[in-house]
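Asker: I'm passing along structure02.txt; it holds compact mmCIF, C-alpha atoms.
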# COMPACT_ATOMS: atom_id res chain seq x y z
CA MET A 681 83.33 -68.04 217.97
CA GLU A 682 86.13 -70.46 218.76
CA ILE A 683 88.17 -71.93 215.91
CA VAL A 684 87.34 -75.50 217.03
CA ASP A 685 83.69 -76.30 217.77
CA ARG A 686 83.86 -79.51 219.78
CA GLY A 687 80.07 -79.91 219.94
CA LEU A 688 79.45 -79.53 216.20
CA SER A 689 79.33 -83.25 215.39
CA ALA A 690 76.74 -84.00 218.09
CA ARG A 691 74.59 -81.13 216.81
CA ARG A 692 74.83 -82.43 213.23
CA VAL A 693 73.69 -85.87 214.38
CA GLN A 694 70.85 -84.25 216.34
CA GLU A 695 69.74 -82.46 213.15
CA ARG A 696 69.50 -85.84 211.41
CA LEU A 697 67.79 -87.35 214.44
CA ASP A 698 65.18 -84.58 214.35
CA ARG A 699 64.04 -85.68 210.89
CA THR A 700 64.31 -89.46 211.44
CA GLU A 701 61.17 -91.43 212.27
CA ASP A 702 62.25 -95.09 212.21
CA PRO A 703 62.65 -96.26 215.85
CA ARG A 704 65.71 -98.42 215.15
CA GLU A 705 67.47 -95.64 213.25
CA ARG A 706 66.56 -93.15 216.00
CA ALA A 707 68.10 -95.46 218.61
CA MET A 708 71.35 -95.75 216.64
CA LEU A 709 71.54 -91.99 216.01
CA THR A 710 70.84 -91.30 219.69
CA THR A 711 73.77 -93.53 220.63
CA VAL A 712 76.07 -91.81 218.11
CA ARG A 713 75.00 -88.38 219.38
CA GLU A 714 75.69 -89.43 222.98
CA HIS A 715 79.09 -90.82 221.96
CA LEU A 716 80.07 -87.62 220.16
CA GLN A 717 78.80 -85.39 222.95
CA ALA A 718 80.79 -87.44 225.49
CA GLU A 719 83.87 -86.89 223.31
CA ALA A 720 83.22 -83.15 223.31
CA ASP A 721 82.65 -83.16 227.08
CA VAL A 722 85.82 -85.23 227.64
CA ASP A 723 83.84 -87.85 229.55
CA VAL A 724 85.60 -91.10 228.67
CA ASP A 725 83.43 -93.25 230.95
CA ARG A 726 80.24 -91.93 229.32
CA LEU A 727 81.81 -92.33 225.88
CA VAL A 728 82.74 -96.00 226.32
CA SER A 729 79.28 -96.71 227.79
CA THR A 730 77.97 -96.23 224.22
CA LEU A 731 80.09 -99.16 222.96
CA SER A 732 79.44 -102.88 222.85
CA ASP A 733 81.48 -105.27 224.99
CA GLN A 734 83.67 -106.08 221.97
CA PRO A 735 84.24 -102.89 219.96
CA ASN A 736 86.60 -103.06 217.01
CA TYR A 737 87.92 -99.75 215.66
CA HIS A 738 89.44 -99.55 212.19
CA LEU A 739 91.74 -96.53 212.01
CA TRP A 740 93.69 -96.49 208.77
CA ASN A 741 97.09 -94.86 208.53
CA ALA A 742 99.49 -95.35 205.62
CA GLY A 743 97.54 -98.39 204.47
CA ARG A 744 97.57 -100.13 207.87
CA ASP A 745 94.73 -100.64 210.31
CA ILE A 746 96.11 -99.35 213.60
CA GLY A 747 92.82 -99.25 215.49
CA PRO A 748 92.20 -101.01 218.79
CA SER A 749 90.25 -104.25 218.50
CA ASP A 750 88.83 -104.83 221.98
CA PHE A 751 87.20 -102.89 224.81
CA GLU A 752 90.40 -102.41 226.79
CA GLY A 753 92.22 -101.16 223.70
CA VAL A 754 89.47 -98.67 222.83
CA LEU A 755 89.36 -97.42 226.41
CA ALA A 756 93.16 -96.98 226.39
CA TYR A 757 92.90 -95.16 223.02
CA TYR A 758 90.53 -92.54 224.42
CA GLN A 759 92.40 -92.23 227.72
CA GLU A 760 95.62 -91.63 225.76
CA LEU A 761 93.95 -88.92 223.65
CA VAL A 762 93.06 -87.08 226.84
CA ALA A 763 96.39 -87.74 228.58
CA VAL A 764 98.44 -86.33 225.71
CA LYS A 765 95.99 -83.45 225.24
CA ARG A 766 94.88 -84.36 221.69
CA HIS A 767 91.17 -84.40 222.44
CA ILE A 768 90.21 -80.91 221.30
CA LEU A 769 88.61 -81.97 218.02
CA GLU A 770 85.94 -80.80 215.61
CA PHE A 771 84.12 -83.13 213.24
CA ASP A 772 81.82 -81.49 210.73
CA VAL A 773 79.54 -84.37 209.79
CA GLU A 774 78.18 -83.78 206.31
CA ARG A 775 76.55 -87.13 205.59
CA ILE A 776 75.19 -89.81 207.89
CA VAL A 777 74.27 -93.27 206.65
CA VAL A 778 72.15 -95.27 209.08
CA ASP A 779 71.99 -99.03 208.70
CA ASP A 780 68.77 -100.15 207.05
CA ASP A 781 68.44 -103.93 207.24
CA ASP A 782 65.45 -103.87 204.89
CA ALA A 783 67.14 -101.86 202.14
CA THR A 784 69.44 -102.72 199.28
CA TYR A 785 71.91 -100.21 197.89
CA LEU A 786 73.69 -99.99 194.59
CA VAL A 787 77.27 -98.83 195.27
CA THR A 788 79.41 -97.44 192.48
CA GLN A 789 83.10 -96.90 193.12
CA ARG A 790 86.46 -96.83 191.40
CA VAL A 791 88.62 -99.85 192.27
CA VAL A 792 92.05 -101.03 191.19
CA ILE A 793 93.33 -104.52 192.04
CA PHE A 794 96.90 -105.74 191.64
CA TRP A 795 97.56 -109.48 191.58
CA PRO A 796 101.13 -110.37 192.50
CA PHE A 797 102.52 -113.72 191.29
CA ASP A 798 105.27 -116.06 192.40
CA ALA A 799 107.89 -117.63 190.10
CA GLN A 800 105.54 -120.55 189.36
CA GLY A 801 102.82 -118.22 188.07
CA ARG A 802 100.54 -118.61 191.09
CA MET A 803 98.81 -115.60 192.60
CA THR A 804 100.31 -114.66 195.94
CA GLY A 805 97.46 -112.38 196.94
CA GLU A 806 95.50 -109.30 195.98
CA ASP A 807 96.20 -105.67 196.69
CA GLY A 808 92.97 -103.75 196.25
CA TYR A 809 92.43 -100.04 196.51
CA ALA A 810 89.04 -98.36 196.35
CA ASN A 811 87.73 -94.87 196.75
CA PHE A 812 84.20 -95.04 198.14
CA ASP A 813 82.13 -91.98 197.37
CA PRO A 814 79.04 -91.89 199.63
CA HIS A 815 77.28 -90.00 196.86
CA GLY A 816 77.82 -93.10 194.72
CA ALA A 817 75.42 -95.19 196.82
CA ARG A 818 71.74 -95.27 195.92
CA LYS A 819 68.88 -97.09 197.62
CA LEU A 820 67.19 -99.44 195.15
CA ALA A 821 63.49 -100.05 194.76
CA ASP A 822 62.44 -103.72 194.85
CA ASP A 823 61.71 -103.74 191.13
CA GLU A 824 65.31 -102.66 190.38
CA LEU A 825 66.92 -105.68 192.04
CA PRO A 826 68.59 -108.15 189.64
CA ASP A 827 66.99 -111.60 189.47
CA ALA A 828 70.25 -113.24 190.60
CA TYR A 829 70.22 -111.05 193.72
CA ARG A 830 66.59 -111.91 194.48
CA GLU A 831 67.38 -115.63 194.07
CA LEU A 832 70.35 -115.32 196.39
CA PHE A 833 68.10 -114.10 199.20
CA ALA A 834 64.96 -116.08 198.37
CA GLY A 835 63.64 -117.73 201.51
CA ALA A 836 66.10 -115.88 203.76
CA SER A 837 64.68 -114.34 206.90
Starting from the coordinates I provided, produce the structure as structure tokens.

Answerer:
Amino acid sequence: MEIVDRGLSARRVQERLDRTEDPRERAMLTTVREHLQAEADVDVDRLVSTLSDQPNYHLWNAGRDIGPSDFEGVLAYYQELVAVKRHILEFDVERIVVDDDDATYLVTQRVVIFWPFDAQGRMTGEDGYANFDPHGARKLADDELPDAYRELFAGAS
């Protein structure tokens, strides 16, 4: 067995796909699987065919978002990975969260916020740091939703 299993992530998504019944969720997982398999196969054209016309990648490094924010930038990002021979990657996907427009989740996380001030005592911004634990998110039943939340979305479609 090789030390880097480039197809592992696509297989992990397929495992989730195999036990997913919702058509919308299956469509999204199928797209993710195709994207990851194209990465493993080093097929940049196939990979970018899984993206919208206006992809926006958020890649955080040292507190800065350095990700490309348009199609040309994302294409260049993947082409560069291949050109500089940094495309031999393994992602062991342990948890997959699929968007569920009809669900509400309670998210618990640790957050710290610093409020800097100017000489006049006015806030000059906020510096927030959070550590999201995917195990800290729980799907709520309708009867668990706070009244204020229900009122916020009353009549929304």

Asker: Would you compute the distance between CA of Ile768 (chain A) and CA of Asp813 (chain A)? Give it in Å to one decimal.

Answerer: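 The value is 27.6 Å.
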
Asker: Using CA of Thr730 (chain A) and CA of Gly747 (chain A) as the two end points, give the distance in Å to one decimal.

Answerer: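 We find that CA of Thr730 (chain A) and CA of Gly747 (chain A) lie 17.5 Å from each other.
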
Asker: Rounded to one decimal place, report the CA of His715 (chain A)-CA of Val728 (chain A) distance in Å.

Answerer: 7.7 Å

Asker: Would you please work out which residue, of A:Asp733, A:Glu824, A:Glu714, A:Asp798, is nearest to Glu752 (chain A) when using only C-alpha atoms?

Answerer: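 Looking at the shortest contact to Glu752 (chain A), the residue is A:Asp733.
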
Asker: Out of A:Ser749, A:Asn811, A:Gln694, A:Ser729, which residue has the shortest atom-to-atom distance to Ile776 (chain A) when counting only C-alpha atoms?

Answerer: A:Gln694

Asker: Which residue out of A:Ala828, A:Gly835, A:Leu755, A:Ala707 has the minimum interatomic distance to Arg726 (chain A) when all atoms listed in the file are used?

Answerer: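 Smallest distance to Arg726 (chain A) is found for A:Leu755.
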
Asker: Within 12 Å of region 742-745 of chain A, counting all atoms listed in the file, which residues qualify if same-chain residues fewer than 3 places away don't, as an mmCIF file with C-alpha atoms, keeping the file's coordinate frame?

Answerer:
data_model
loop_
_atom_site.group_PDB
_atom_site.id
_atom_site.type_symbol
_atom_site.label_atom_id
_atom_site.label_comp_id
_atom_site.auth_asym_id
_atom_site.auth_seq_id
_atom_site.Cartn_x
_atom_site.Cartn_y
_atom_site.Cartn_z
ATOM 1 C CA ASN A 736 86.600 -103.060 217.010
ATOM 2 C CA TYR A 737 87.920 -99.750 215.660
ATOM 3 C CA HIS A 738 89.440 -99.550 212.190
ATOM 4 C CA LEU A 739 91.740 -96.530 212.010
ATOM 5 C CA PRO A 748 92.200 -101.010 218.790
ATOM 6 C CA SER A 749 90.250 -104.250 218.500
ATOM 7 C CA ASP A 807 96.200 -105.670 196.690
ATOM 8 C CA GLY A 808 92.970 -103.750 196.250
ATOM 9 C CA TYR A 809 92.430 -100.040 196.510
ATOM 10 C CA ALA A 810 89.040 -98.360 196.350
#

Asker: Nearest residue to Val792 (chain A) out of A:Glu701, A:Glu831, A:Glu806, A:Glu719, using all atoms listed in the file?

Answerer: A:Glu806
